[in-house]
Each structure stands twice: as structure tokens, then as C-alpha cells.
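S.K.: Structure file start-v1.txt (compact mmCIF, C-alpha atoms) is given on the next line.
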# COMPACT_ATOMS: atom_id res chain seq x y z
CA MET A 1 0.00 0.00 0.00
CA LEU A 2 2.83 2.40 0.88
CA ILE A 3 4.59 1.79 -2.43
CA LEU A 4 1.29 2.13 -4.30
CA LYS A 5 0.64 5.58 -2.80
CA VAL A 6 3.98 6.77 -4.09
CA ILE A 7 3.79 5.11 -7.49
CA ILE A 8 0.42 6.65 -8.39
CA MET A 9 1.96 10.11 -7.95
CA TYR A 10 4.54 9.50 -10.67
CA SER A 11 4.03 10.58 -14.26
CA ILE A 12 3.42 7.74 -16.75
CA TYR A 13 7.07 8.00 -17.84
CA ALA A 14 8.35 7.86 -14.28
CA LEU A 15 5.83 5.16 -13.35
CA LYS A 16 7.40 2.74 -15.83
CA LYS A 17 10.82 3.34 -14.29
CA ALA A 18 9.44 3.10 -10.77
CA LEU A 19 8.07 -0.37 -11.50
CA VAL A 20 11.42 -1.44 -12.92
CA HIS A 21 13.18 -0.24 -9.75
CA PRO A 22 10.86 -1.35 -6.92
CA ILE A 23 13.54 -1.33 -4.21
CA PHE A 24 14.49 2.30 -4.77
CA THR A 25 10.82 3.22 -5.11
CA ALA A 26 10.09 1.56 -1.77
CA ILE A 27 12.98 3.41 -0.09
CA THR A 28 11.71 6.68 -1.55
CA ALA A 29 8.21 5.90 -0.28
CA ILE A 30 9.47 5.25 3.23
CA ASN A 31 11.44 8.50 3.25
CA TYR A 32 8.46 10.38 1.79
CA ILE A 33 6.28 9.26 4.70
CA ALA A 34 9.05 9.93 7.23
CA MET A 35 9.45 13.46 5.87
CA TYR A 36 5.75 14.21 5.69
CA LYS A 37 6.14 17.36 7.80
CA ASP A 38 8.49 18.69 5.15
CA ILE A 39 5.96 17.82 2.44
CA ILE A 40 3.20 19.67 4.32
CA TYR A 41 5.48 22.69 4.77
CA ILE A 42 6.17 22.77 1.04
CA LYS A 43 2.51 22.40 0.07
CA LYS A 44 1.48 25.24 2.39
CA ALA A 45 4.31 27.46 1.17
CA LEU A 46 3.37 26.89 -2.48
CA LYS A 47 -0.32 27.48 -1.85
CA SER A 48 0.49 30.76 -0.10
CA LYS A 49 2.17 32.08 -3.26
CA PHE A 50 0.30 30.42 -6.12
CA SER A 51 -3.40 30.55 -6.91
CA GLU A 52 -5.61 27.50 -7.39
CA GLU A 53 -5.70 28.38 -11.09
CA ASP A 54 -1.92 28.26 -11.20
CA PHE A 55 -1.91 24.83 -9.58
CA LYS A 56 -4.34 23.49 -12.18
CA ARG A 57 -2.59 25.13 -15.13
CA TYR A 58 1.02 24.48 -14.25
CA ALA A 59 0.70 21.43 -11.96
CA ILE A 60 2.86 23.29 -9.45
CA GLY A 61 3.85 20.99 -6.63
CA ALA A 62 1.88 18.13 -8.16
CA SER A 63 4.24 15.62 -6.58
CA ALA A 64 4.99 18.02 -3.71
CA GLY A 65 8.41 16.61 -3.12
CA LEU A 66 8.17 13.03 -4.47
CA LYS A 67 10.92 13.37 -7.07
CA GLU A 68 12.82 15.60 -4.69
CA VAL A 69 12.71 12.96 -1.97
CA ALA A 70 14.34 10.60 -4.47
CA LEU A 71 17.15 13.15 -4.80
CA TYR A 72 17.34 13.29 -1.02
CA VAL A 73 17.78 9.52 -0.93
CA LEU A 74 20.66 9.67 -3.44
CA VAL A 75 22.45 12.45 -1.55
CA ARG A 76 22.05 10.53 1.70
CA LYS A 77 23.36 7.34 0.10
CA TYR A 78 26.40 8.70 -1.76
CA LYS A 79 27.22 11.54 0.66
CA PRO A 80 28.85 13.91 -1.85
CA LYS A 81 31.19 16.61 -0.56
CA VAL A 82 30.20 19.19 -3.19
CA ILE A 83 27.01 19.19 -5.29
CA ILE A 84 26.34 21.42 -8.29
CA GLU A 85 22.70 22.01 -9.21
CA THR A 86 21.48 23.94 -12.26
CA GLY A 87 17.92 25.22 -12.07
CA VAL A 88 16.44 26.26 -8.73
CA ALA A 89 13.16 28.07 -9.41
CA ASN A 90 11.07 27.94 -6.21
CA GLY A 91 13.54 25.59 -4.57
CA LEU A 92 11.85 22.21 -4.06
CA SER A 93 14.87 20.17 -5.13
CA THR A 94 17.20 22.56 -3.33
CA TYR A 95 15.22 22.08 -0.12
CA PHE A 96 15.68 18.32 -0.10
CA ILE A 97 19.30 18.43 -1.22
CA LEU A 98 20.13 20.77 1.66
CA LYS A 99 18.05 18.62 4.02
CA ALA A 100 20.17 15.60 3.04
CA ILE A 101 23.39 17.58 3.47
CA LYS A 102 22.28 18.56 6.97
CA ARG A 103 21.49 14.93 7.84
CA ASN A 104 24.84 13.79 6.41
CA GLY A 105 26.59 16.27 8.66
CA TYR A 106 28.74 17.74 5.90
CA GLY A 107 28.62 18.84 2.27
CA LYS A 108 28.02 21.93 0.17
CA LEU A 109 25.58 22.86 -2.58
CA ILE A 110 26.34 25.26 -5.42
CA SER A 111 23.17 26.25 -7.29
CA ILE A 112 22.80 28.17 -10.55
CA ASP A 113 19.51 29.71 -11.59
CA TYR A 114 18.36 32.03 -14.37
CA PRO A 115 14.99 32.96 -12.84
CA ASN A 116 11.80 33.32 -14.84
CA TYR A 117 9.11 35.60 -13.40
CA ASN A 118 6.75 35.38 -16.38
CA LYS A 119 3.63 33.31 -15.65
CA GLU A 120 3.35 32.53 -19.33
CA GLY A 121 6.69 30.75 -19.11
CA PHE A 122 9.80 31.30 -21.18
CA ILE A 123 10.78 30.13 -24.63
CA THR A 124 13.70 27.70 -24.74
CA SER A 125 16.38 27.83 -27.42
CA GLU A 126 14.38 25.16 -29.26
CA GLY A 127 11.18 27.22 -29.25
CA LYS A 128 9.41 25.21 -26.56
CA VAL A 129 7.55 26.81 -23.66
CA ASP A 130 8.73 26.01 -20.13
CA THR A 131 5.98 27.02 -17.69
CA VAL A 132 8.12 26.98 -14.53
CA TYR A 133 8.13 30.43 -12.96
CA ILE A 134 8.81 32.23 -9.68
CA PRO A 135 6.16 34.60 -8.25
CA SER A 136 7.09 38.26 -8.53
CA GLY A 137 9.07 39.63 -5.61
CA LEU A 138 10.59 36.30 -4.57
CA GLN A 139 14.12 35.02 -5.01
CA PRO A 140 15.13 31.63 -6.47
CA GLY A 141 14.91 29.02 -3.73
CA TRP A 142 12.59 31.16 -1.59
CA ILE A 143 10.98 28.01 -0.20
CA VAL A 144 14.20 26.96 1.58
CA PRO A 145 14.05 27.93 5.30
CA GLN A 146 16.96 29.63 7.03
CA SER A 147 17.58 26.53 9.14
CA LEU A 148 18.81 24.67 6.02
CA LYS A 149 21.09 27.52 4.95
CA GLU A 150 23.11 27.75 8.15
CA GLY A 151 26.79 26.91 8.07
CA ASN A 152 27.53 28.35 4.62
CA VAL A 153 26.36 25.15 2.95
CA TRP A 154 24.63 26.87 0.02
CA ASP A 155 26.01 29.16 -2.67
CA LEU A 156 23.41 30.56 -5.09
CA MET A 157 24.66 31.99 -8.39
CA ILE A 158 22.26 33.98 -10.59
CA GLY A 159 22.73 33.75 -14.34
CA LYS A 160 22.89 31.30 -17.24
CA SER A 161 24.65 28.00 -16.67
CA SER A 162 26.54 28.43 -19.93
CA GLU A 163 28.19 31.53 -18.47
CA LEU A 164 28.55 30.51 -14.82
CA LEU A 165 29.55 26.84 -14.91
CA PRO A 166 32.94 27.57 -16.56
CA LYS A 167 33.70 29.96 -13.69
CA ILE A 168 33.41 27.20 -11.06
CA LYS A 169 36.86 25.90 -10.15
CA GLU A 170 35.81 23.81 -7.16
CA ASP A 171 35.94 20.00 -7.37
CA PHE A 172 32.55 18.33 -7.09
CA ASP A 173 31.25 14.77 -6.87
CA MET A 174 27.57 15.20 -7.75
CA PHE A 175 26.01 17.16 -10.62
CA ILE A 176 22.26 17.72 -11.09
CA HIS A 177 20.86 19.16 -14.31
CA ASP A 178 17.46 20.81 -13.89
CA SER A 179 17.70 24.03 -15.90
CA GLU A 180 16.55 24.62 -19.49
CA HIS A 181 15.74 21.22 -20.97
CA SER A 182 16.81 21.95 -24.53
CA TYR A 183 19.10 19.45 -26.22
CA ALA A 184 21.90 21.99 -26.61
CA ASN A 185 21.78 23.15 -22.98
CA MET A 186 21.44 19.67 -21.53
CA MET A 187 24.34 18.37 -23.59
CA PHE A 188 26.49 21.38 -22.69
CA GLU A 189 25.89 20.88 -18.97
CA LEU A 190 26.42 17.13 -19.05
CA GLU A 191 29.62 17.42 -21.07
CA TRP A 192 30.90 20.20 -18.81
CA ALA A 193 30.28 18.02 -15.77
CA ALA A 194 32.02 15.08 -17.44
CA SER A 195 35.04 17.20 -18.31
CA ARG A 196 35.45 18.32 -14.70
CA MET A 197 34.28 15.36 -12.66
CA LYS A 198 36.89 12.92 -11.39
CA ASN A 199 34.43 10.42 -9.97
CA GLY A 200 30.84 10.93 -8.88
CA ILE A 201 27.13 11.00 -9.66
CA ILE A 202 25.38 12.79 -12.54
CA ILE A 203 21.61 13.24 -12.42
CA CYS A 204 19.49 14.59 -15.28
CA ASP A 205 15.97 15.81 -14.54
CA ASP A 206 13.35 15.44 -17.28
CA ALA A 207 15.76 13.34 -19.33
CA ASN A 208 12.83 12.27 -21.52
CA GLN A 209 12.48 15.78 -22.98
CA ASN A 210 14.94 14.89 -25.76
CA ASN A 211 17.84 12.53 -26.58
CA ALA A 212 20.60 14.55 -24.90
CA PHE A 213 21.01 12.27 -21.87
CA ALA A 214 20.78 9.09 -23.95
CA ASP A 215 23.36 10.42 -26.42
CA PHE A 216 25.62 11.48 -23.56
CA VAL A 217 25.45 8.00 -22.02
CA LYS A 218 26.31 6.37 -25.35
CA ARG A 219 29.20 8.74 -25.90
CA HIS A 220 30.72 7.94 -22.50
CA GLU A 221 29.53 4.36 -22.05
CA LYS A 222 32.96 3.13 -20.86
CA GLN A 223 32.96 5.74 -18.07
CA ILE A 224 29.38 5.22 -16.94
CA GLN A 225 27.62 2.86 -14.58
CA SER A 226 23.83 3.13 -14.43
CA LEU A 227 22.26 3.44 -11.00
CA ARG A 228 19.21 1.41 -10.01
CA THR A 229 16.80 4.31 -9.65
CA PRO A 230 13.78 5.67 -11.59
CA LEU A 231 15.72 8.93 -11.89
CA ALA A 232 18.11 9.39 -14.81
CA ALA A 233 21.18 8.94 -12.64
CA ILE A 234 24.61 7.49 -13.38
CA ARG A 235 27.94 7.02 -11.67
CA PHE A 236 30.62 8.71 -13.80
CA ASN A 237 34.32 7.87 -13.72
CA GLY A 238 36.32 10.72 -15.18
CA ASN A 239 39.58 8.88 -14.65
CA ILE A 240 38.96 6.48 -17.55
How does this structure look as C-alpha cells?

M.R.:
Amino acid sequence: MLILKVIIMYSIYALKKALVHPIFTAITAINYIAMYKDIIYIKKALKSKFSEEDFKRYAIGASAGLKEVALYVLVRKYKPKVIIETGVANGLSTYFILKAIKRNGYGKLISIDYPNYNKEGFITSEGKVDTVYIPSGLQPGWIVPQSLKEGNVWDLMIGKSSELLPKIKEDFDMFIHDSEHSYANMMFELEWAASRMKNGIIICDDANQNNAFADFVKRHEKQIQSLRTPLAAIRFNGNI
């Protein structure tokens, strides 16, 4: 029953992967229930800033942390020292990444966001509309409470990933793509991470948007080990 409650909240695409990876799905379900207070906090925060119409139109918070809890599970399991995340928006993923870092007792998150405040969404480089937006007057990651920011564990950089990623000189062992899901941008970010990563985890959100992630995996197949998770996540060995 517990697993069923979680599975029915997945999209059809994610549902297929969830069924293929029942162990990870079960672990995610258990953590989802254990972190229900966090889920309630997020739902209330979103509802305080978005209208009911927005929820229906944009499916804001439809999973209310389900996919993000899966990220939490991965951060808890692999305990990365430095995580780079592209795409923050309202901060759901950021919340759970920082929550995992706090539970791990160490770690740092570097986030890059090019915020969109237009309710009509923004046009990607491929001409598609991305409806993710931040309510006017709020900053990227506004949903993250101060308690998860303490200890200088989070650096937020505002701008395009194509301009900011090359400026990062710090070593990292986890990379999460969740910014513009165009083929060109996804491939740029994945290849940048591969060129800099010595050994670690690469996660690609909405990998089904195009063939970028699949092409990247084929290109680096000797350096990649797939992880048993519904998320598009791999272990990358940059030493090969």
C-alpha cells in the first residue's frame, strides 16, 4: 500500500521506471512518509504564493516533493562533498538536497539559476515553452528555510549556466541538471560536468524531454555505470 501511494503520484514515464526499480521506489516511499512534515510545509508554502488556477494550469507541486525525496535519498546514500545544481526556481529540489546535506553532517551545494518571473513561461532555445516560474518579488529558492542555509552550505549563483559553470573551479562529486531542458543546454551541462568530474554522480531531470542524456550516455559508455533508480542517474568515472 505504501509503495502504491507513491507510485500513483509518478508521471506515466516515471511510473514505468518506478516499477522497474521497486527497491528504490520503496525506499523513496518510506522517506516520503518519514518526511511528511516537510511535504506539508512545502505544500502550504506553495499554496500561499500560487493561486488554485496556477496549480491546475502548471501542476505546481503536483508531486509536492516526491521526485525531490528521491534526490534526497541519493544524496544521503552517496554523501557527496560538493554538489552542483542547475535550475532552482522555487527551490523544491534545493530544499531536499540541503536537508540531506544537513542529515549527512557535511557537504556543500552550489546552485545556478536564471529565474523566470513570467507566468506565461519562457521560450527555450528550441522554441518550446517552459511554464516553470517564480512569483514576482521572490528570489530563487525562496521556499528553503533559514535553518537549512546555516553553516555556509549553500552558494546561489544567478545567471545562465553556460556563463557561470565555466567559472566554477571547485571540485565536485555530484552534478544535477534541472535548468533549461533543450538538447543543446542539456548536452552542454552534461559534457561540462564530465570534463570536470573525477568520480561521482550525474543526475538529469526530465531526461525524456529529448535525446541529450541518452546520447551522452552512449558517448561515454565506458565511463558510466547506471544506478538502479527511476531517476536518470549514473555514476561517472572521469579517470577512464

S.K.: For CA of Asp206 (chain A) and CA of Glu126 (chain A), determine how far apart the two atoms are, in Å to one decimal place.

M.R.: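 CA of Glu126 (chain A) lies 15.5 Å from CA of Asp206 (chain A).
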
S.K.: List every protein, DNA or RNA residue that has at least one atom no more than 9 Å from (35.1, 10.3, -16.1) in the file's coordinates, counting all atoms listed in the file, and write the result as a ChimeraX atom specification.

M.R.: /A:194-200,220,222-224,236-240

S.K.: With C-alpha atoms retained, export the selected residues as a PDB file, in the coordinates of the input.

M.R.:
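After the write, out.pdb holds the following:
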ATOM      1  CA  ALA A 194      32.020  15.080 -17.440  1.00  0.00           C
ATOM      2  CA  SER A 195      35.040  17.200 -18.310  1.00  0.00           C
ATOM      3  CA  ARG A 196      35.450  18.320 -14.700  1.00  0.00           C
ATOM      4  CA  MET A 197      34.280  15.360 -12.660  1.00  0.00           C
ATOM      5  CA  LYS A 198      36.890  12.920 -11.390  1.00  0.00           C
ATOM      6  CA  ASN A 199      34.430  10.420  -9.970  1.00  0.00           C
ATOM      7  CA  GLY A 200      30.840  10.930  -8.880  1.00  0.00           C
ATOM      8  CA  HIS A 220      30.720   7.940 -22.500  1.00  0.00           C
ATOM      9  CA  LYS A 222      32.960   3.130 -20.860  1.00  0.00           C
ATOM     10  CA  GLN A 223      32.960   5.740 -18.070  1.00  0.00           C
ATOM     11  CA  ILE A 224      29.380   5.220 -16.940  1.00  0.00           C
ATOM     12  CA  PHE A 236      30.620   8.710 -13.800  1.00  0.00           C
ATOM     13  CA  ASN A 237      34.320   7.870 -13.720  1.00  0.00           C
ATOM     14  CA  GLY A 238      36.320  10.720 -15.180  1.00  0.00           C
ATOM     15  CA  ASN A 239      39.580   8.880 -14.650  1.00  0.00           C
ATOM     16  CA  ILE A 240      38.960   6.480 -17.550  1.00  0.00           C
TER      17      ILE A 240
END

S.K.: Would you please work out which residue, of A:Ile97, A:Tyr32, A:Trp142, A:Tyr114, is nearest to Leu46 (chain A) when using only C-alpha atoms?

M.R.: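 Closest to Leu46 (chain A), using only C-alpha atoms: A:Trp142.
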
S.K.: So which one's closest to Val73 (chain A), A:Gln225, A:Ser111, A:Asn116, A:Asn104? Using all atoms listed in the file, please.

M.R.: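 Nearest candidate to Val73 (chain A) out of A:Gln225, A:Ser111, A:Asn116, A:Asn104: A:Asn104.
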
S.K.: Pick the closest to Arg235 (chain A) from A:Pro166, A:Lys43, A:Tyr78, A:Asn208: which is it, counting all atoms listed in the file?

M.R.: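 Selected residue with least distance to Arg235 (chain A): A:Tyr78.
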
S.K.: Just want the 9 Å neighbourhood of Pro140 (chain A), counted on all atoms listed in the file, with same-chain residues fewer than 6 positions away dropped. Output as a list in words.

M.R.: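 Selected residues are Gly87, Val88, Ala89, Asn90, Gly91, Asp113, Tyr114, Pro115, Ile134, Leu156 and Ile158 of chain A.
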
S.K.: What is the distance between CA of Ala233 (chain A) and CA of Cys204 (chain A), in Å to one decimal?

M.R.: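 Result for CA of Ala233 (chain A) versus CA of Cys204 (chain A): 6.5 Å, one decimal.
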
S.K.: So which residues touch Ile39 (chain A) within 9 Å, counting all atoms listed in the file, skipping near sequence neighbours fewer than 5 positions away, as a short mmCIF file (atom, residue, chain, number, x, y, z; two decimals) with C-alpha atoms, in the coordinates of the input?

M.R.:
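Written out: result_11.cif:
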data_model
loop_
_atom_site.label_atom_id
_atom_site.label_comp_id
_atom_site.auth_asym_id
_atom_site.auth_seq_id
_atom_site.Cartn_x
_atom_site.Cartn_y
_atom_site.Cartn_z
CA TYR A 32 8.46 10.38 1.79
CA ILE A 33 6.28 9.26 4.70
CA LYS A 44 1.48 25.24 2.39
CA ALA A 64 4.99 18.02 -3.71
CA GLY A 65 8.41 16.61 -3.12
CA LEU A 66 8.17 13.03 -4.47
#

S.K.: Could you tell me how far CA of Tyr72 (chain A) sits from CA of Ser147 (chain A), in Å to one decimal place?

M.R.: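 Separation between CA of Ser147 (chain A) and CA of Tyr72 (chain A): 16.7 Å.
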
S.K.: Of the residues A:Leu74, A:Val153, A:Met35, A:Ile110, which is the one nearest to Ile203 (chain A), using all atoms listed in the file?

M.R.: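 Looking only at the distances to Ile203 (chain A), the closest residue turns out to be A:Leu74.
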
S.K.: Write out as a ChimeraX atom specification the residues lying within 6 Å of Thr229 (chain A), counting all atoms listed in the file and excluding same-chain residues fewer than 2 positions away.

M.R.: /A:21,24,227,231

S.K.: May I have the protein, DNA and RNA residues with any atom at most 9 Å from the point (15.7, 20.7, -3.2), counting all atoms listed in the file, written as a VMD selection string?

M.R.: chain A and resid 65 68 to 69 71 to 72 88 91 to 99 141 144

S.K.: Using all atoms listed in the file, which residue out of A:Ile27, A:Pro135, A:Tyr36, A:Lys102 lies closest to Asp54 (chain A)?

M.R.: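 Ranked by minimum distance to Asp54 (chain A), first place goes to A:Pro135.
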
S.K.: Of the candidates A:Ile84, A:Leu138, A:Ala34, A:Val132, which shows the shortest atom-to-atom distance to Lys49 (chain A), using only C-alpha atoms?

M.R.: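 Answer, going by the shortest atom-to-atom distance: A:Leu138.
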